[in-house]
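The structure appears right after this line, and notes come after that.
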Amino acid sequence: MIDHVRDLASVRDATERLLTAAAKLDNASVTEPSRLPGWSRGHVLAHLARNADALVNVLDGRPMYASATARDADIERDAPRPLDAQLADLRESAARFGETGAAPADWSRTVELRNGVTDSAARVPFRRWVEVDLHHVDLGIGYELEDLPEEFVTREIDFLAERFGGHKDVPSTALDAGDGRVWTTGGGAEGGPIAVRGPAADLLGWLCGRRDGTGLTVAGGTLPALPPL
């Protein structure tokens, strides 16, 4: 059962972690490359602020973004800003998301995200938590996948394993964190079953495209090439 109230609290905690860490940067380091190809740290911070506003749109029944072009243009516009402007925008947009999340609503309703994707409104806070914590890692400022809360790691692997389940390009694959946590995914492509084993952080890193899988052991075939998220 999704607990959106608890997830909203986790979003607040994750946002505070990010703001505290980012406040130690300076204007020069904001312009430096992040771990995301083609994006500076300023791009990541700008995206996080605009994503908060986009998810307010989702919860209010409006299109998440006016268009893909507008989304990209907003990020490019905001990326070069100095650190204090980035932090203020991130803090204010996070507050707007929190206020919307705190308003009385039917959390069982279906909402529409980008590219026609739909989900329960109750899942939106977790989606925001994913944005905040994974992009904190992407900043490359000392917060790593191993630092993510255990609950977050388990739930995001659950989500991604489900997302790739039955995918036409992914053979049947079993994921084993070596601590009792096991997942299955794929199954839509020939081959397998493939057994992938490693620490949960490395499994998550591979599933979400943050790591290449070199920290994993593979049996029954080669490590599947996952489609982009």
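Letters for chains follow the order of the structure tokens (A, B, ...), residue numbers begin at 1 for each chain, and ligand numbers begin at 1 in the order shown.
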Please identify which residues in stretch 1-227 of chain A DSSP calls helix (DSSP H, G or I) from the backbone, and express them as a PyMOL selection string.
chain A and resi 4-22+27-30+41-59+68-78+83-102+114-116+121-138+145-147+150-164+200-207
With only C-alpha atoms counted and 12 Å as the cut-off, give the residues of stretch 91-179 of chain A in contact with stretch 213-228 of chain A, each with its shortest interatomic distance in Å and the pair that gives it, as JSON lines.
{"residue": "A:Leu160", "atom": "CA", "partner": "A:Leu226", "partner_atom": "CA", "distance": 10.7}
{"residue": "A:Ala161", "atom": "CA", "partner": "A:Leu226", "partner_atom": "CA", "distance": 11.0}
{"residue": "A:Arg163", "atom": "CA", "partner": "A:Pro227", "partner_atom": "CA", "distance": 10.6}
{"residue": "A:Phe164", "atom": "CA", "partner": "A:Leu226", "partner_atom": "CA", "distance": 8.1}
{"residue": "A:Gly165", "atom": "CA", "partner": "A:Leu226", "partner_atom": "CA", "distance": 11.2}
{"residue": "A:His167", "atom": "CA", "partner": "A:Pro227", "partner_atom": "CA", "distance": 9.0}
{"residue": "A:Lys168", "atom": "CA", "partner": "A:Pro227", "partner_atom": "CA", "distance": 9.9}
{"residue": "A:Asp169", "atom": "CA", "partner": "A:Pro227", "partner_atom": "CA", "distance": 7.5}
{"residue": "A:Val170", "atom": "CA", "partner": "A:Pro224", "partner_atom": "CA", "distance": 6.3}
{"residue": "A:Pro171", "atom": "CA", "partner": "A:Pro224", "partner_atom": "CA", "distance": 7.2}
{"residue": "A:Ser172", "atom": "CA", "partner": "A:Pro224", "partner_atom": "CA", "distance": 9.3}
{"residue": "A:Thr173", "atom": "CA", "partner": "A:Pro224", "partner_atom": "CA", "distance": 8.2}
{"residue": "A:Ala174", "atom": "CA", "partner": "A:Val218", "partner_atom": "CA", "distance": 9.8}
{"residue": "A:Leu175", "atom": "CA", "partner": "A:Val218", "partner_atom": "CA", "distance": 9.6}
{"residue": "A:Asp176", "atom": "CA", "partner": "A:Leu216", "partner_atom": "CA", "distance": 9.8}
{"residue": "A:Ala177", "atom": "CA", "partner": "A:Leu216", "partner_atom": "CA", "distance": 9.6}
{"residue": "A:Gly178", "atom": "CA", "partner": "A:Leu216", "partner_atom": "CA", "distance": 11.0}
Show which residues sit within 12 Å of A:Ala54, as a list in words. Count only C-alpha atoms, and ignore same-chain residues fewer than 6 positions away.
His47, Leu48, Asp60, Gly61, Arg62, Pro63, Met64, Tyr65, Ala66, Ser67, Ala68, Ala70, Arg71, Asp74, Ser93, Ala94, Arg96, Phe97, Thr100, Glu112, Leu113, Arg114, Val124, Arg127, Arg128 and Glu131 of chain A
Give me, as JSON lines, each residue of stretch 167-218 of chain A that comes within 12 Å of stretch 134-144 of chain A, together with its shortest interatomic pair and the distance in Å at one decimal, counting only C-alpha atoms, with rows ordered by chain and rising residue number.
{"residue": "A:Ala201", "atom": "CA", "partner": "A:Glu144", "partner_atom": "CA", "distance": 8.9}
{"residue": "A:Asp202", "atom": "CA", "partner": "A:Glu144", "partner_atom": "CA", "distance": 10.7}
{"residue": "A:Leu204", "atom": "CA", "partner": "A:Leu134", "partner_atom": "CA", "distance": 10.3}
{"residue": "A:Gly205", "atom": "CA", "partner": "A:Leu134", "partner_atom": "CA", "distance": 9.6}
{"residue": "A:Cys208", "atom": "CA", "partner": "A:Leu134", "partner_atom": "CA", "distance": 9.0}
{"residue": "A:Gly209", "atom": "CA", "partner": "A:Leu134", "partner_atom": "CA", "distance": 10.7}
{"residue": "A:Arg210", "atom": "CA", "partner": "A:Asp138", "partner_atom": "CA", "distance": 8.3}
{"residue": "A:Arg211", "atom": "CA", "partner": "A:Asp138", "partner_atom": "CA", "distance": 11.3}
Top pick for closest residue to A:Ser108, considering A:Asp3, A:Asp53, A:Asp26, A:Glu162 and counting only C-alpha atoms:
A:Asp3
Atom-to-atom span, atom CA of A:Arg123 and atom CA of A:His4, Å
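That distance, rounded to one decimal, is 6.9 Å.
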Out of A:Arg181, A:Arg17, A:Lys24, A:Arg50, which residue has the shortest atom-to-atom distance to A:Glu151 when counting only C-alpha atoms?
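Counting only C-alpha atoms, the residue closest to A:Glu151 is A:Arg181.
Distances to A:Leu55 were evaluated for A:Leu25, A:Val111, A:Val30, A:Ala200 using only C-alpha atoms, and the minimum falls at A:Val111.
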Go through A:Thr184, A:Ala9, A:Asp147, A:Gly166 one by one, measure the shortest atom-to-atom distance of each to A:Phe126 using only C-alpha atoms, and give the residue with the smallest value.
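When distances to A:Phe126 are compared using only C-alpha atoms, the smallest one comes from A:Ala9.
Considering only C-alpha atoms, the residue among A:Thr118, A:Thr110, A:Gln86, A:Thr185 positioned nearest to A:Leu19 is A:Gln86.
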Taking the DSSP assignment computed from this structure's backbone, write out as a ChimeraX atom specification all residues of stretch 29-220 of chain A that belong to strand (DSSP E or B).
/A:33,40,110-112,118-120,171-176,182-185,189-197,217-219
Output for the residues just chosen: N, CA, C and O atoms as a compact mmCIF listing (two decimals), in the first residue's frame:
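Below is the file that was written, result.txt:
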# COMPACT_ATOMS: atom_id res chain seq x y z
N PRO A 33 30.63 20.07 -14.89
CA PRO A 33 29.80 18.94 -15.36
C PRO A 33 29.26 18.11 -14.20
O PRO A 33 29.94 17.88 -13.20
N SER A 40 25.45 20.28 -16.80
CA SER A 40 26.21 20.80 -15.66
C SER A 40 25.42 20.55 -14.38
O SER A 40 24.25 20.12 -14.41
N THR A 110 -6.41 8.67 -10.98
CA THR A 110 -5.36 8.47 -11.98
C THR A 110 -4.93 9.81 -12.53
O THR A 110 -5.76 10.67 -12.84
N VAL A 111 -3.62 10.01 -12.63
CA VAL A 111 -3.07 11.25 -13.17
C VAL A 111 -2.20 10.92 -14.37
O VAL A 111 -1.74 9.79 -14.54
N GLU A 112 -1.96 11.93 -15.20
CA GLU A 112 -1.15 11.73 -16.40
C GLU A 112 0.16 12.49 -16.27
O GLU A 112 0.19 13.67 -15.92
N THR A 118 0.46 7.16 -17.32
CA THR A 118 -0.49 7.41 -16.24
C THR A 118 -0.08 6.65 -14.99
O THR A 118 0.63 5.65 -15.06
N ASP A 119 -0.55 7.14 -13.86
CA ASP A 119 -0.24 6.50 -12.58
C ASP A 119 -1.26 6.97 -11.56
O ASP A 119 -2.01 7.92 -11.79
N SER A 120 -1.26 6.32 -10.42
CA SER A 120 -2.09 6.77 -9.31
C SER A 120 -1.48 8.05 -8.74
O SER A 120 -0.25 8.18 -8.64
N PRO A 171 15.68 -10.25 -21.79
CA PRO A 171 15.39 -11.65 -21.46
C PRO A 171 15.04 -11.82 -20.00
O PRO A 171 15.27 -10.92 -19.18
N SER A 172 14.49 -12.95 -19.65
CA SER A 172 14.15 -13.23 -18.26
C SER A 172 15.38 -13.10 -17.38
O SER A 172 16.42 -13.71 -17.63
N THR A 173 15.27 -12.27 -16.34
CA THR A 173 16.43 -11.93 -15.52
C THR A 173 16.04 -11.94 -14.05
O THR A 173 15.04 -11.36 -13.65
N ALA A 174 16.85 -12.63 -13.25
CA ALA A 174 16.66 -12.66 -11.80
C ALA A 174 17.72 -11.77 -11.15
O ALA A 174 18.90 -11.83 -11.50
N LEU A 175 17.29 -10.91 -10.24
CA LEU A 175 18.18 -9.99 -9.55
C LEU A 175 18.27 -10.40 -8.08
O LEU A 175 17.25 -10.55 -7.42
N ASP A 176 19.48 -10.56 -7.58
CA ASP A 176 19.69 -11.03 -6.22
C ASP A 176 20.66 -10.10 -5.52
O ASP A 176 21.81 -9.96 -5.92
N VAL A 182 15.20 -10.37 -3.62
CA VAL A 182 15.28 -10.96 -4.96
C VAL A 182 14.15 -10.38 -5.81
O VAL A 182 13.03 -10.20 -5.34
N TRP A 183 14.47 -10.09 -7.06
CA TRP A 183 13.50 -9.57 -8.00
C TRP A 183 13.61 -10.33 -9.32
O TRP A 183 14.64 -10.93 -9.62
N THR A 184 12.56 -10.31 -10.11
CA THR A 184 12.61 -10.83 -11.47
C THR A 184 12.15 -9.73 -12.41
O THR A 184 11.30 -8.90 -12.06
N THR A 185 12.71 -9.71 -13.60
CA THR A 185 12.34 -8.72 -14.60
C THR A 185 12.56 -9.29 -15.98
O THR A 185 13.02 -10.42 -16.15
N ALA A 189 12.17 -11.09 -24.22
CA ALA A 189 13.15 -11.42 -25.25
C ALA A 189 13.61 -12.86 -25.07
O ALA A 189 13.49 -13.44 -23.98
N GLU A 190 14.13 -13.43 -26.13
CA GLU A 190 14.64 -14.80 -26.05
C GLU A 190 15.87 -14.85 -25.16
O GLU A 190 16.59 -13.87 -24.98
N GLY A 191 16.14 -16.04 -24.64
CA GLY A 191 17.30 -16.23 -23.78
C GLY A 191 16.92 -16.25 -22.32
O GLY A 191 15.77 -16.04 -21.95
N GLY A 192 17.93 -16.50 -21.52
CA GLY A 192 17.72 -16.55 -20.08
C GLY A 192 17.25 -17.93 -19.64
O GLY A 192 17.15 -18.85 -20.45
N PRO A 193 16.98 -18.11 -18.37
CA PRO A 193 17.05 -17.03 -17.38
C PRO A 193 18.49 -16.63 -17.04
O PRO A 193 19.38 -17.49 -16.99
N ILE A 194 18.68 -15.36 -16.85
CA ILE A 194 19.98 -14.81 -16.49
C ILE A 194 19.93 -14.42 -15.01
O ILE A 194 18.97 -13.79 -14.56
N ALA A 195 20.95 -14.80 -14.29
CA ALA A 195 21.03 -14.49 -12.86
C ALA A 195 22.04 -13.36 -12.65
O ALA A 195 23.20 -13.48 -13.03
N VAL A 196 21.58 -12.28 -12.07
CA VAL A 196 22.42 -11.11 -11.81
C VAL A 196 22.48 -10.91 -10.31
O VAL A 196 21.44 -10.79 -9.65
N ARG A 197 23.69 -10.86 -9.77
CA ARG A 197 23.84 -10.79 -8.31
C ARG A 197 24.81 -9.68 -7.95
O ARG A 197 25.84 -9.49 -8.63
N THR A 217 27.81 -9.75 -10.67
CA THR A 217 28.19 -11.03 -11.25
C THR A 217 26.99 -11.56 -12.03
O THR A 217 25.84 -11.39 -11.61
N VAL A 218 27.28 -12.18 -13.16
CA VAL A 218 26.22 -12.62 -14.07
C VAL A 218 26.43 -14.08 -14.43
O VAL A 218 27.55 -14.50 -14.74
N ALA A 219 25.36 -14.86 -14.37
CA ALA A 219 25.39 -16.27 -14.76
C ALA A 219 24.24 -16.55 -15.71
O ALA A 219 23.17 -15.94 -15.62
